[in-house]
Every structure is written in C-alpha cells, then in structure tokens.
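Enquirer: Quick one: this structure, given as structure tokens, is what I'll be asking you about.
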Amino acid sequence: MKRTMRIMLMMLLVATLAVSLFAAGKSEEAKPARKVINLWSFTDEVPKMIEKYKALHPEFDYEVKTTIIATTDGAYQPALDQALAGGGDNAPDMYCAEAAFVLKYTQGDAAHFAAPYKDLGINVDAKLKEADIAPYTVDIGTNGSGDLVGLGYQATGGAFIYRRSIAKAVWGTDDPAFVTSKVGPGWDKFFAAAEDLARKGYPIISGDGDIWHAIEGSSPQGWIVDDKLFIDPTREAFLDIAKMMLEKGYTNDTQDWTDAWFADMKDAGARKAFGFFGPAWLINYVMAGNSGGDKPGEGTYGDWAVCEPPVGFFWGGTWVLANNKSPVKEAVGKIIEWITLDSSNTGLQYYWANGTLDGPGGTKDTVASGTVMQKSDGTLPFLGGQNMFDVFVPAGAFATGKNKTQYDETINIYWRDQVRNYSAGLKTKAQAIADFKRMVADNLALDV
C-alpha cells in the first residue's frame, strides 16, 4: 500500500513538473522579441542617419529610442559607462564615441562591452575591401583580440587649407600642386614657406594649435608606452616649434576655438593668415561660417583651396559601436553596416559625401569609404570650385591611428597649456615639462 502511494506521489510530481515546464515553454514562446533599439549619442547626427535608414527600409520594424548627452563638461562618458554596466532592457544596444575618447571603448577600460562587427552578421573583411575604408579608422576600431568593433562614417584625415589670393601674391600661383611642393613634404619645407610668407607680412598659420594637430597626429608614439607616460621627441619638439613660430611672426598667436582664431578666417585679425590644418569638417562647419560671407566674393568665401600637408594626420571623427550583450544585435548590425561599410549609392556614405542625405543641396563631406569618394562630386564653391576629394582621399591613407591613447583628450590640454607658457617666456622648458608630468600624475594616476 505504502509502495503504491509512493509511486502515485512520484507520478504526480512528474506530471506537475511536466506541466510547469510546458507552461514555461509556452510563456517563453509567447514572449515577443524585443523590437526596440536603444541608441546613445552625443549629437543628433547618428540619430538623423537612422531616421533616413528607416525611411529607406520600411520593412525595418524597430523603434529606436535615442539618448543624447552632450560631451560638454564630460557628461557623456560617465552616463554611458553607467548605462552599459547596468545592463537590462534600457542598456544601449548601439552607441557612439568620438576620436577624443573612442579608444576607451574599442581598446581600453570599456572595450569589453563592444561587440565584434562579425558577431553582428557583417562580412567584415569583404566589406572593408569593397568600401576601401581609411586604414586609421580600422586601426582605432580594432580591439586587442584583432576584432573590428567600431568604425566611423566620416574621413577626418587632414589637409593644409590655404588662401588662394595670398599664394598668388607671394608665389604667383594658387595651384594646389605647386603649394603642396612649397609647404612639404616635411617641416623644413613648411618653415621655409613660412619665411617666404613672413617677408610679405603674412603668418603661415593663425596659432600654434593649427600646427599641433599635425605634429601630434604624425608622431611615431602616443602618450602612453608600456603603461607609462611617454613624451615622443616629435611632440617634445613642439615646445621649440611653437616658440620659434611666435618669435619669427609665423603665427598671429591665436588659440583655436577663440574669437581671434575665428577672426583670422575672415581677415578680421591683425594680419591675414595664410592657412589652417584640418579635415573637411573644419572647412564645412567652422571656416565657411566664419568666412564673412556665404558665396564667392563675400568675405574670404571662395578664396580657399586644399593641398597635401607636410605630414599625415587626422583630427576628430565619430565611431559607432554595438553592445555585445544586446538582444537585437542582428538589427543593430544592419544599421551599422549601412552607416559604416555600405559603399553603394544608397548607403549613408554616398548621401553624406554628396550632400543629399536630406535632399539635394546639402553639405558635402569626406567619408570613410574611398570607393564612395572616388565616384562622388567633392567640388565646393568655398574652395573656388576645387574637388576636395582629390586631396582628402590620399589624406586618409597618410593618417595613422596607432599613436592614440584613451587619455589623449586630457593629456593634450595639459601639454598645450605648458607649451603656451613656455613659448610666451613664462616658464623654462624644464619647468614646463615638469609641470606637465605633475599634472598627468596628479589627475590620471599614471606612472610618469
């Protein structure tokens, strides 16, 4: 009797367990797949791109929830880090990082959150080759295991942007090929050109910041080597270069992003500055609006051209990443591939390069894909009708991303402050270097 009851109890338990498992399975089966993508960005640029993607692909039935936090006062990174670490349904599925701090998310402290592009359903090797992506963007977007986890859509390789009328006044021609041969390759030729210009009363650049991005970007080593602060000789030489250029009148002694710097873009400074170092975004979003006009003949608008710089460098850019714990990786992968690796005429980069993302007549910009720029129209009235892609395609190939660290944004601020103190005669070189090292040690807890 007792044995029969034990058997009946066992059968009841098994039946109950089976019902529970069946119910759980039905519940899991009934639970709909998430149809929401959480996007984090620091501008509305990528969110607007995704609006275009959805308009072009009505079958893409995902809602995109966007969180935008400006990088002002360093607010974006801590918020993003917390959201990534928190996980759950509100964690970012897709997020953006700019050049100043992208290495933290691709190779540094937060790299473990980033999903390899190959895990998003992207045929990485084939797409990279097909799109002819600028190598420096791939270097920066590749993690320590050799997997690509981030790419940008802009190409931010730098050129030398110069005044046509000043080139004619000093050398008799404004031809980009000729000016290229005068200002480079190498800094010796650039300083010889600076002397030619100074004799005629023109500074070759507006301020020391204009040359710093090229010097920083071309240095063989970055700020951190073997987990210690390292001052590459190329970067250390900037101390004496900045001082020499100030003393010889090769600059107007402005600081970038100040009123005096903007004034030099429209001849409102003490002397007419010959040029600036920068990528296409500097032309489109900074210089054009500060040129004193909006069509050729007004202010300096139309009196500019671009040529190859003395050394290769890049400045800025935005990389797009996916969360490796996202439950909607495949959907995120479709968007990321369209933004970063689609070189067709309906990919984001073709619209971006030709200024047609929001219809004809928009701002043309350089893009990560050399394939796209080769088949696009890069002529700009601001550049006197020059096709900027002729210069910026090779500029992307010259640039390197192997000398960047996740601490660059902060360290560069400390370094440039000390350089200006030294060039102004307020400190000795030894004092400037010592104070720089102290700032890094005190604020970043790095071995100096």
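Residues are named by chain letter and number: chains run A, B, ... in the order of the structure tokens, numbers start at 1 in each chain, and ligands are numbered from 1 in the order shown.
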Within 7 Å of region 196-211 of chain A, counting only C-alpha atoms, which residues show up once you throw out same-chain ones fewer than 2 positions away? Write them as number ranges by chain, please.
Expert: A: 170, 192-194, 213-215, 242, 249-256, 261, 264, 271-277
Enquirer: Excluding same-chain residues fewer than 5 positions from region 137-139 of chain A, what lies within 9 Å of it counting only C-alpha atoms, as a ChimeraX atom specification?
Expert: /A:128,148,150-152,155,317,319,368,396,400-402
Enquirer: Any chance you could export the current selection's C-alpha atoms as a short mmCIF file (atom, residue, chain, number, x, y, z; two decimals), in the first residue's frame?
Expert:
```cif
data_model
loop_
_atom_site.label_atom_id
_atom_site.label_comp_id
_atom_site.auth_asym_id
_atom_site.auth_seq_id
_atom_site.Cartn_x
_atom_site.Cartn_y
_atom_site.Cartn_z
CA LEU A 128 36.33 46.68 -45.72
CA LEU A 148 36.79 45.15 -35.54
CA GLY A 150 33.93 50.23 -34.26
CA LEU A 151 34.05 52.28 -37.44
CA GLY A 152 33.22 55.83 -38.40
CA ALA A 155 37.07 60.61 -43.02
CA GLY A 317 35.58 61.68 -36.03
CA TRP A 319 32.91 55.74 -34.24
CA ALA A 368 35.44 56.78 -44.54
CA GLY A 396 43.03 59.39 -45.18
CA THR A 400 47.67 56.76 -38.62
CA GLY A 401 45.62 55.71 -35.62
CA LYS A 402 48.43 53.81 -33.90
#
```
Enquirer: Using only C-alpha atoms, tabulate the residues of region 142-167 of chain A lying at most 7 Å from any atom of region 101-112 of chain A, each with its closest atom pair and that distance in Å to one decimal, by chain and increasing residue number, as CSV.
Expert:
```
residue,atom,partner,partner_atom,distance
A:Thr142,CA,A:Thr106,CA,6.4
A:Asn143,CA,A:Gln107,CA,4.8
A:Gly144,CA,A:Gln107,CA,6.0
A:Val149,CA,A:Thr106,CA,6.4
A:Gly150,CA,A:Thr106,CA,6.7
```
Enquirer: Determine, counting only C-alpha atoms, which protein, DNA and RNA residues have an atom within 10 Å of an atom of region 88-90 of chain A; residues of the same chain fewer than 5 positions away are not included. Present the result as an MDAnalysis selection string.
Expert: chainID A and resid 34 36:39 65 83 325:327
Enquirer: Since we have the selection now, will you write its residues out, keeping N, CA and C atoms, as a compact mmCIF listing (two decimals), in the first residue's frame?
Expert:
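Output file result25.txt follows:
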```txt
# COMPACT_ATOMS: atom_id res chain seq x y z
N ARG A 34 12.13 41.53 -28.67
CA ARG A 34 12.20 42.98 -28.45
C ARG A 34 12.33 43.69 -29.78
N VAL A 36 12.84 47.10 -29.99
CA VAL A 36 13.34 48.42 -29.65
C VAL A 36 14.86 48.40 -29.65
N ILE A 37 15.45 49.43 -30.26
CA ILE A 37 16.90 49.60 -30.24
C ILE A 37 17.21 50.87 -29.44
N ASN A 38 18.03 50.71 -28.41
CA ASN A 38 18.45 51.86 -27.60
C ASN A 38 19.74 52.42 -28.16
N LEU A 39 19.70 53.67 -28.61
CA LEU A 39 20.86 54.34 -29.20
C LEU A 39 21.32 55.46 -28.28
N LYS A 65 14.97 54.19 -29.71
CA LYS A 65 14.92 55.14 -28.59
C LYS A 65 16.29 55.78 -28.44
N ALA A 83 25.28 53.21 -17.95
CA ALA A 83 24.22 52.52 -18.70
C ALA A 83 24.70 51.18 -19.24
N LYS A 325 26.12 42.52 -25.38
CA LYS A 325 25.04 41.84 -24.67
C LYS A 325 23.66 42.22 -25.20
N SER A 326 23.63 42.96 -26.29
CA SER A 326 22.34 43.38 -26.85
C SER A 326 21.56 42.18 -27.39
N PRO A 327 20.26 42.11 -27.12
CA PRO A 327 19.44 41.03 -27.68
C PRO A 327 19.00 41.31 -29.12
```
Enquirer: In Å, with one decimal, what is the gap from CA of Ser291 (chain A) to CA of Asp267 (chain A)?
Expert: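 Rounded to one decimal, the two atoms are 8.1 Å apart.
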Enquirer: Ranking A:Val320, A:Leu282, A:Gly121, A:Gly359 by minimum distance to Pro92 (chain A) and counting only C-alpha atoms, which one comes first?
Expert: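 So, comparing all the options, the nearest one is A:Val320.
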Enquirer: Give me, please, the distance in Å between CA of Leu446 (chain A) and CA of Lys404 (chain A), quoted to one decimal.
Expert: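 Computing it gives 15.8 Å between the two atoms.
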Enquirer: Quick check for you: according to DSSP on this backbone, which residues of region 349-395 of chain A are classed as alpha helix (DSSP H)? Reply as a ChimeraX atom specification.
Expert: /A:349-354,370-374,389-395
Enquirer: For Asp125 (chain A), please output as a list of chain:residue names all residues within 12 Å (counting only C-alpha atoms; exclusion window: fewer than 6 positions along the same chain).
Expert: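 The residues that qualify are A:Tyr117, A:Lys118, A:Ala131, A:Asp132, A:Ile133, A:Val138, A:Asp147, A:Leu148, A:Leu341.
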Enquirer: Write out, as a CSV table (one decimal), in the first residue's frame, the residues just selected, with N, CA and C atoms.
Expert:
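Result file is selection_8.csv:
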```csv
chain,number,residue,atom,x,y,z
A,117,TYR,N,32.2,43.3,-35.0
A,117,TYR,CA,31.2,43.5,-36.1
A,117,TYR,C,30.9,42.2,-36.7
A,118,LYS,N,31.8,41.2,-36.7
A,118,LYS,CA,31.5,39.9,-37.3
A,118,LYS,C,30.3,39.2,-36.6
A,131,ALA,N,34.7,48.7,-49.7
A,131,ALA,CA,34.5,50.1,-49.4
A,131,ALA,C,35.8,50.9,-49.4
A,132,ASP,N,36.9,50.2,-49.3
A,132,ASP,CA,38.2,50.9,-49.3
A,132,ASP,C,38.2,51.9,-48.1
A,133,ILE,N,38.1,51.4,-46.9
A,133,ILE,CA,38.0,52.2,-45.7
A,133,ILE,C,39.4,52.7,-45.3
A,138,VAL,N,40.2,51.9,-39.1
A,138,VAL,CA,40.2,50.5,-38.8
A,138,VAL,C,41.1,50.2,-37.6
A,147,ASP,N,39.7,42.0,-33.4
A,147,ASP,CA,38.4,42.1,-34.0
A,147,ASP,C,37.9,43.5,-34.2
A,148,LEU,N,37.3,43.8,-35.3
A,148,LEU,CA,36.8,45.2,-35.5
A,148,LEU,C,35.5,45.4,-34.7
A,341,LEU,N,29.9,50.8,-43.7
A,341,LEU,CA,30.5,49.9,-44.7
A,341,LEU,C,29.8,49.8,-46.0
```
Enquirer: Do a neighbour search on region 176-191 of chain A at 6 Å with only C-alpha atoms, toss out local chain neighbours closer than 5 positions, and write the hits as an NGL selection string.
Expert: :A and (307-308 or 310)
Enquirer: When you count only C-alpha atoms, which of these residues is closest to Asp44 (chain A): A:Asn324, A:Leu444, A:Thr173, A:Ile68?
Expert: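 Checking each of A:Asn324, A:Leu444, A:Thr173, A:Ile68 against Asp44 (chain A), counting only C-alpha atoms, the winner is A:Ile68.
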Enquirer: Quick check for you: according to DSSP on this backbone, which residues of region 210-327 of chain A are classed as strand (DSSP E or B)? Reply as a VMD selection string.
Expert: chain A and resid 224 to 225 228 to 229 254 275 to 278 304 to 307 314 318 to 323
Enquirer: Could you take the residues named above and write them with N, CA and C atoms, as a tab-separated table (two decimals), in the first residue's frame?
Expert:
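Writing the result to part.tsv gives the following:
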```
chain	number	residue	atom	x	y	z
A	224	ILE	N	51.18	57.16	-24.09
A	224	ILE	CA	51.40	56.07	-23.15
A	224	ILE	C	52.16	54.95	-23.85
A	225	VAL	N	53.31	54.57	-23.29
A	225	VAL	CA	54.09	53.45	-23.80
A	225	VAL	C	54.44	52.55	-22.61
A	228	LYS	N	53.25	53.71	-19.18
A	228	LYS	CA	53.87	54.90	-18.58
A	228	LYS	C	53.72	56.08	-19.52
A	229	LEU	N	53.70	57.29	-18.95
A	229	LEU	CA	53.69	58.49	-19.77
A	229	LEU	C	54.96	58.56	-20.60
A	254	THR	N	47.11	83.18	-32.01
A	254	THR	CA	45.74	82.92	-31.56
A	254	THR	C	45.66	81.54	-30.93
A	275	GLY	N	46.94	80.07	-43.71
A	275	GLY	CA	46.26	78.78	-43.73
A	275	GLY	C	45.97	78.16	-42.38
A	276	PHE	N	45.30	77.02	-42.46
A	276	PHE	CA	44.91	76.22	-41.30
A	276	PHE	C	45.12	74.76	-41.64
A	277	PHE	N	45.42	73.94	-40.65
A	277	PHE	CA	45.48	72.50	-40.84
A	277	PHE	C	44.15	71.90	-40.37
A	278	GLY	N	43.58	71.02	-41.19
A	278	GLY	CA	42.34	70.41	-40.73
A	278	GLY	C	41.70	69.49	-41.75
A	304	TRP	N	39.71	80.01	-50.88
A	304	TRP	CA	40.46	78.97	-50.21
A	304	TRP	C	40.69	77.78	-51.14
A	305	ALA	N	41.71	76.98	-50.81
A	305	ALA	CA	41.99	75.73	-51.53
A	305	ALA	C	42.62	74.77	-50.53
A	306	VAL	N	42.70	73.50	-50.92
A	306	VAL	CA	43.34	72.50	-50.05
A	306	VAL	C	44.47	71.82	-50.80
A	307	CYS	N	45.51	71.46	-50.05
A	307	CYS	CA	46.62	70.70	-50.63
A	307	CYS	C	47.12	69.70	-49.59
A	314	PHE	N	45.17	62.95	-38.69
A	314	PHE	CA	43.72	63.09	-38.71
A	314	PHE	C	43.30	63.84	-37.48
A	318	THR	N	33.71	60.27	-35.44
A	318	THR	CA	32.80	59.53	-34.57
A	318	THR	C	32.78	58.07	-34.98
A	319	TRP	N	32.95	57.18	-34.00
A	319	TRP	CA	32.91	55.74	-34.24
A	319	TRP	C	31.60	55.18	-33.69
A	320	VAL	N	31.06	54.15	-34.36
A	320	VAL	CA	29.79	53.55	-33.98
A	320	VAL	C	30.03	52.12	-33.50
A	321	LEU	N	29.48	51.80	-32.31
A	321	LEU	CA	29.71	50.50	-31.68
A	321	LEU	C	28.40	49.84	-31.29
A	322	ALA	N	28.45	48.54	-31.05
A	322	ALA	CA	27.28	47.78	-30.58
A	322	ALA	C	27.62	47.10	-29.26
A	323	ASN	N	26.62	46.96	-28.42
A	323	ASN	CA	26.77	46.30	-27.13
A	323	ASN	C	26.79	44.78	-27.33
```
Enquirer: For CA of Glu247 (chain A) and CA of Thr428 (chain A), determine how far apart the two atoms are, in Å to one decimal place.
Expert: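 CA of Thr428 (chain A) lies 15.6 Å from CA of Glu247 (chain A).
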Enquirer: Mind checking which residues fall within 10 Å of Asp61 (chain A), counting only C-alpha atoms, ignoring those fewer than 3 positions away in the same chain, and posting them as JSON, numbers by chain?
Expert: {"A": [35, 36, 54, 57, 58, 64, 331]}
Enquirer: Taking N, CA and C atoms for each residue, export the selection above as an mmCIF file, in the first residue's frame.
Expert:
```cif
data_model
loop_
_atom_site.group_PDB
_atom_site.id
_atom_site.type_symbol
_atom_site.label_atom_id
_atom_site.label_comp_id
_atom_site.auth_asym_id
_atom_site.auth_seq_id
_atom_site.Cartn_x
_atom_site.Cartn_y
_atom_site.Cartn_z
ATOM 1 N N LYS A 35 11.534 44.726 -29.978
ATOM 2 C CA LYS A 35 11.537 45.484 -31.217
ATOM 3 C C LYS A 35 11.970 46.936 -30.974
ATOM 4 N N VAL A 36 12.836 47.099 -29.994
ATOM 5 C CA VAL A 36 13.336 48.425 -29.646
ATOM 6 C C VAL A 36 14.858 48.398 -29.652
ATOM 7 N N LYS A 54 15.523 54.141 -41.777
ATOM 8 C CA LYS A 54 14.168 53.612 -41.618
ATOM 9 C C LYS A 54 13.260 54.046 -42.765
ATOM 10 N N HIS A 57 14.087 51.822 -45.586
ATOM 11 C CA HIS A 57 13.809 50.404 -45.322
ATOM 12 C C HIS A 57 12.547 50.274 -44.464
ATOM 13 N N PRO A 58 11.376 50.467 -45.056
ATOM 14 C CA PRO A 58 10.118 50.406 -44.294
ATOM 15 C C PRO A 58 9.883 49.047 -43.639
ATOM 16 N N VAL A 64 13.442 53.057 -32.474
ATOM 17 C CA VAL A 64 14.758 53.465 -31.990
ATOM 18 C C VAL A 64 14.574 54.529 -30.915
ATOM 19 N N ALA A 331 19.702 43.303 -35.797
ATOM 20 C CA ALA A 331 19.091 44.552 -36.273
ATOM 21 C C ALA A 331 20.079 45.705 -36.188
#
```
Enquirer: Hey, which of A:Lys48, A:Lys243, A:Lys334, A:Lys266 ends up closest to Phe60 (chain A)? Count only C-alpha atoms.
Expert: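 Smallest separation from Phe60 (chain A) among the options: A:Lys334.
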Enquirer: For Gly384 (chain A), which residue out of A:Ser145, A:Gly297, A:Thr340, A:Glu98 is the nearest one, using only C-alpha atoms?
Expert: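 Under the stated criterion, the closest residue is A:Gly297.
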Enquirer: Within 12 Å of Tyr53 (chain A), counting only C-alpha atoms, which residues show up once you throw out same-chain ones fewer than 4 positions away? Write them as an NGL selection string, please.
Expert: :A and (46-49 or 57-62 or 64 or 331-332 or 334-339 or 342 or 346-349 or 351 or 357-358)
Enquirer: Using only C-alpha atoms, tabulate the residues of region 163-248 of chain A lying at most 8 Å from any atom of region 418-423 of chain A, each with its closest atom pair and that distance in Å to one decimal, by chain and increasing residue number, as a Markdown table.
Expert:
```
| residue | atom | partner | partner_atom | distance |
| --- | --- | --- | --- | --- |
| A:Phe238 | CA | A:Val419 | CA | 7.6 |
| A:Leu239 | CA | A:Val419 | CA | 5.4 |
| A:Asp240 | CA | A:Ser423 | CA | 7.4 |
| A:Ala242 | CA | A:Ser423 | CA | 6.1 |
| A:Lys243 | CA | A:Ser423 | CA | 4.1 |
| A:Met244 | CA | A:Ser423 | CA | 7.9 |
| A:Leu246 | CA | A:Ser423 | CA | 7.3 |
```
Enquirer: Could the residues in this selection be saved with C-alpha atoms as a compact mmCIF listing (two decimals), in the first residue's frame?
Expert:
```txt
# COMPACT_ATOMS: atom_id res chain seq x y z
CA PHE A 238 56.56 71.27 -30.44
CA LEU A 239 57.79 73.33 -27.47
CA ASP A 240 60.56 74.93 -29.53
CA ALA A 242 55.73 77.00 -31.05
CA LYS A 243 58.27 79.41 -29.54
CA MET A 244 60.16 79.82 -32.82
CA LEU A 246 55.84 83.09 -32.37
```
